[in-house]
Amino acid sequence: MRALTWQGKRKVSVETVPDPRIEAPTDAVIKVTSTAICGSDLHLYEVLGPFLTPGDILGHETMGVVEEVGPEAGDLQVGDRVVIPFNISCGSCWMCSRGLYAQCETTQVREYGKGASLFGYTSLYGAVPGGQAEYLRVPHADFGPVKIPQEGPDERWLYLSDILPTAWQAFEYADVPDEGTVAVFGLGPVGQLTTRIALHAGRRVIGVDRVPERLALAASYGADTVDLGAVDDVTQAILDLTDGRGADGTVDAVGMEAHGSPVAKAAISAVGLLPDAVARPLTDKFAIDRLAALTGAIKSVRRGGTVSVSGVYGGEIDPMPMMEIFDRGITMRFGQCHVRRWTDQIAKLLEQTDDVLGVESLATHRPSLEEAPAAYEMFQKKADGCVKVVLKP
């Protein structure tokens with residue numbers, strides 16, 4: 001089959017690789033019909049290379065049609081149309097029984113002290129081949145895959161794999177009261193969907209970004225916007241919009257590669273130039289992140305408010321404004337999305353005739369799988385008005 005593979009820093013290529021096969025009784029194999037490039041994939045493209053091996057198959061936003069099932073794959077059947085959550089969870093361990101699917105004890109990567117295995121996301125998370133390919137092996141298919149209607153466009157359902165549940169959890173974790181205000185830092189795909197979910201729930205949204213197309217898209221759904229390139233102090237701009245108090249909740253939908261962190265960027269780039277054997281322990285145990293978005297989210301929330309962090313971080317020694325967090329009584333909630341915890345609720349919205357969250361129009365680019373390398377570069381550079389890329393194998 002053809003698959004998008006990692007070959008080095010800022011270098012990916014589409015190669016011919018062996019077809020996946022059933023390896024365990026609970027496995028399934030799907031024929032991929034749509035697979036997206038996630039903002040988290042850009043961390044692999046740039047920062048997390050020491051934990052990748054040339055030839056690793058990337059991708060964790062995938063859907064398709066079941067081609068083959070193992071003898072213990074539950075009620076999954078050949079021909080079912082399914083979306084595949086990005087985290088691999090058994091559904092029955094101590095963590096899963098509490099809805100903490102991203103911490104599944106069956107698939108945890110204990111070698112590195114990490115949570116549940118993920119599709120296409122480095123040895124830190126199990127080195128499981130990803131879904132930017134023609135076919136995908138799905139472990140724990142007795143629990144993970146989300147069955148969807150046989151008819152209708154893929155993009156009505158595709159984002160159930162990651163960014164839609166991630167945005168849903170980001171909003172839920174922000175704990176914004178009725179008629180309250182949430183400030184969303186970063187208006188990429190997760191930020192856009194968080195904005196739409198919050199607006200649909202009747203909250204006021206302030207969207208923060210520096211890319212004109214992303215600001216305009218959020219504004220078109222009813223969000224107030226703050227252009228980072230047009231203000232000297234984003235926190236003051238949000239205070240001015242909230243009677244000097246700050247937002248009731250804030251969402252960091254950016255993560256480790258936020259703009260506005262030049263020193264951290266230089267340190268991360270320096271580690272990336274080292275041999276993998278040296279870079280791995282530095283990245284895992286002594287890494288720092290670019291914290292501009294997180295710091296902005298902390299400083300822009302009101303006293304007693306909540307900061308929800310859905311952007312991916314990887315640092316171990318990041319400096320945090322602890323006195324401000326303590327003095328202002330801020331609640332902070334972090335973590336990988338527990339995808340299956342939210343899919344049933346979200347599906348009820350997606351089943352409506354109207355596309356209430358605008359998921360069918362979120363993608364700005366739909367290249368073929370063979371065009372994926374150029375699409376990665378375009379997405380990273382935010383070129384050509386790129387907001388979301390969906391690949392068609």
# chains A, B, ... in the order shown; residues from 1 in each chain; ligands from 1

call {"tool": "residues_around", "arguments": {"residues": "A:Gly64", "least_positions_apart": "6", "cutoff": "10 Å", "atoms": "only C-alpha atoms", "output": "PyMOL selection string"}}
result
chain A and resi 29-35+79-84+131+134-136+154+158

call {"tool": "residues_around", "arguments": {"residues": "stretch 335-340 of chain A", "least_positions_apart": "6", "cutoff": "6 Å", "atoms": "only C-alpha atoms", "output": "list in words"}}
result
Leu100, Tyr101, Ala102, Pro165 and Thr166 of chain A

call {"tool": "closest_residue", "arguments": {"among": "A:Phe51, A:Tyr45, A:Phe379, A:Phe86", "to": "A:Ile163", "atoms": "only C-alpha atoms"}}
result
A:Phe86

call {"tool": "closest_residue", "arguments": {"among": "A:Pro373, A:Pro139, A:Pro393, A:Gly207", "to": "A:Gln7", "atoms": "only C-alpha atoms"}}
result
A:Pro373

call {"tool": "residues_around", "arguments": {"residues": "stretch 236-238 of chain A", "least_positions_apart": "3", "cutoff": "10 Å", "atoms": "only C-alpha atoms", "output": "list in words"}}
result
Ala183, Ile206, Gly207, Val208, Thr225, Val226, Asp227, Leu228, Val231, Asp232, Asp233, Leu241, Thr242, Asp243, Gly244, Arg245, Gly246, Ala247, Gly296, Lys299, Ser300 and Val301 of chain A

call {"tool": "residues_around", "arguments": {"residues": "A:His365", "least_positions_apart": "5", "cutoff": "10 Å", "atoms": "only C-alpha atoms", "output": "PyMOL selection string"}}
result
chain A and resi 375+378-379+384-391

call {"tool": "write_last_selection", "arguments": {"atoms": "C-alpha atoms", "output": "compact mmCIF listing (two decimals), in the first residue's frame"}}
result
# COMPACT_ATOMS: atom_id res chain seq x y z
CA ALA A 375 0.47 19.73 2.10
CA MET A 378 1.81 24.38 3.33
CA PHE A 379 0.03 23.63 6.63
CA ASP A 384 -2.54 29.67 0.86
CA GLY A 385 -5.12 30.32 3.59
CA CYS A 386 -4.66 26.80 4.90
CA VAL A 387 -6.80 25.98 7.95
CA LYS A 388 -7.33 22.22 7.61
CA VAL A 389 -6.04 19.55 5.22
CA VAL A 390 -7.94 16.34 4.44
CA LEU A 391 -6.05 13.74 2.41

call {"tool": "residues_around", "arguments": {"residues": "A:Trp6", "least_positions_apart": "4", "cutoff": "7 Å", "atoms": "only C-alpha atoms", "output": "PDB file with C-alpha atoms, in the first residue's frame"}}
result
ATOM      1  CA  LYS A  11      10.884  15.711   5.500  1.00  0.00           C
ATOM      2  CA  VAL A  12       8.039  13.295   4.799  1.00  0.00           C
ATOM      3  CA  SER A  13       7.424  11.161   1.734  1.00  0.00           C
ATOM      4  CA  PRO A  54      12.648   6.877   9.145  1.00  0.00           C
ATOM      5  CA  GLY A  55       9.762   5.000   7.582  1.00  0.00           C
ATOM      6  CA  ASP A  56       7.298   5.511  10.452  1.00  0.00           C
ATOM      7  CA  ILE A  57       3.763   5.985   9.115  1.00  0.00           C
ATOM      8  CA  LEU A  58       2.135   9.174  10.390  1.00  0.00           C
TER       9      LEU A  58
END

call {"tool": "select_by_dssp", "arguments": {"residues": "stretch 34-113 of chain A", "states": "alpha helix (DSSP H)", "output": "PyMOL selection string"}}
result
chain A and resi 39-46

call {"tool": "write_last_selection", "arguments": {"atoms": "C-alpha atoms", "output": "tab-separated table (two decimals), in the first residue's frame"}}
result
chain	number	residue	atom	x	y	z
A	39	GLY	CA	-1.66	20.39	14.09
A	40	SER	CA	-0.10	17.77	16.35
A	41	ASP	CA	1.46	16.15	13.28
A	42	LEU	CA	3.47	19.34	12.86
A	43	HIS	CA	5.19	18.62	16.19
A	44	LEU	CA	6.51	15.43	14.57
A	45	TYR	CA	7.49	17.40	11.47
A	46	GLU	CA	9.53	19.83	13.58

call {"tool": "closest_residue", "arguments": {"among": "A:Met256, A:Ala218, A:Ile148, A:Val307", "to": "A:Arg333", "atoms": "only C-alpha atoms"}}
result
A:Val307

call {"tool": "closest_residue", "arguments": {"among": "A:Asp318, A:Glu111, A:Glu105, A:Asp224", "to": "A:Thr295", "atoms": "only C-alpha atoms"}}
result
A:Asp318
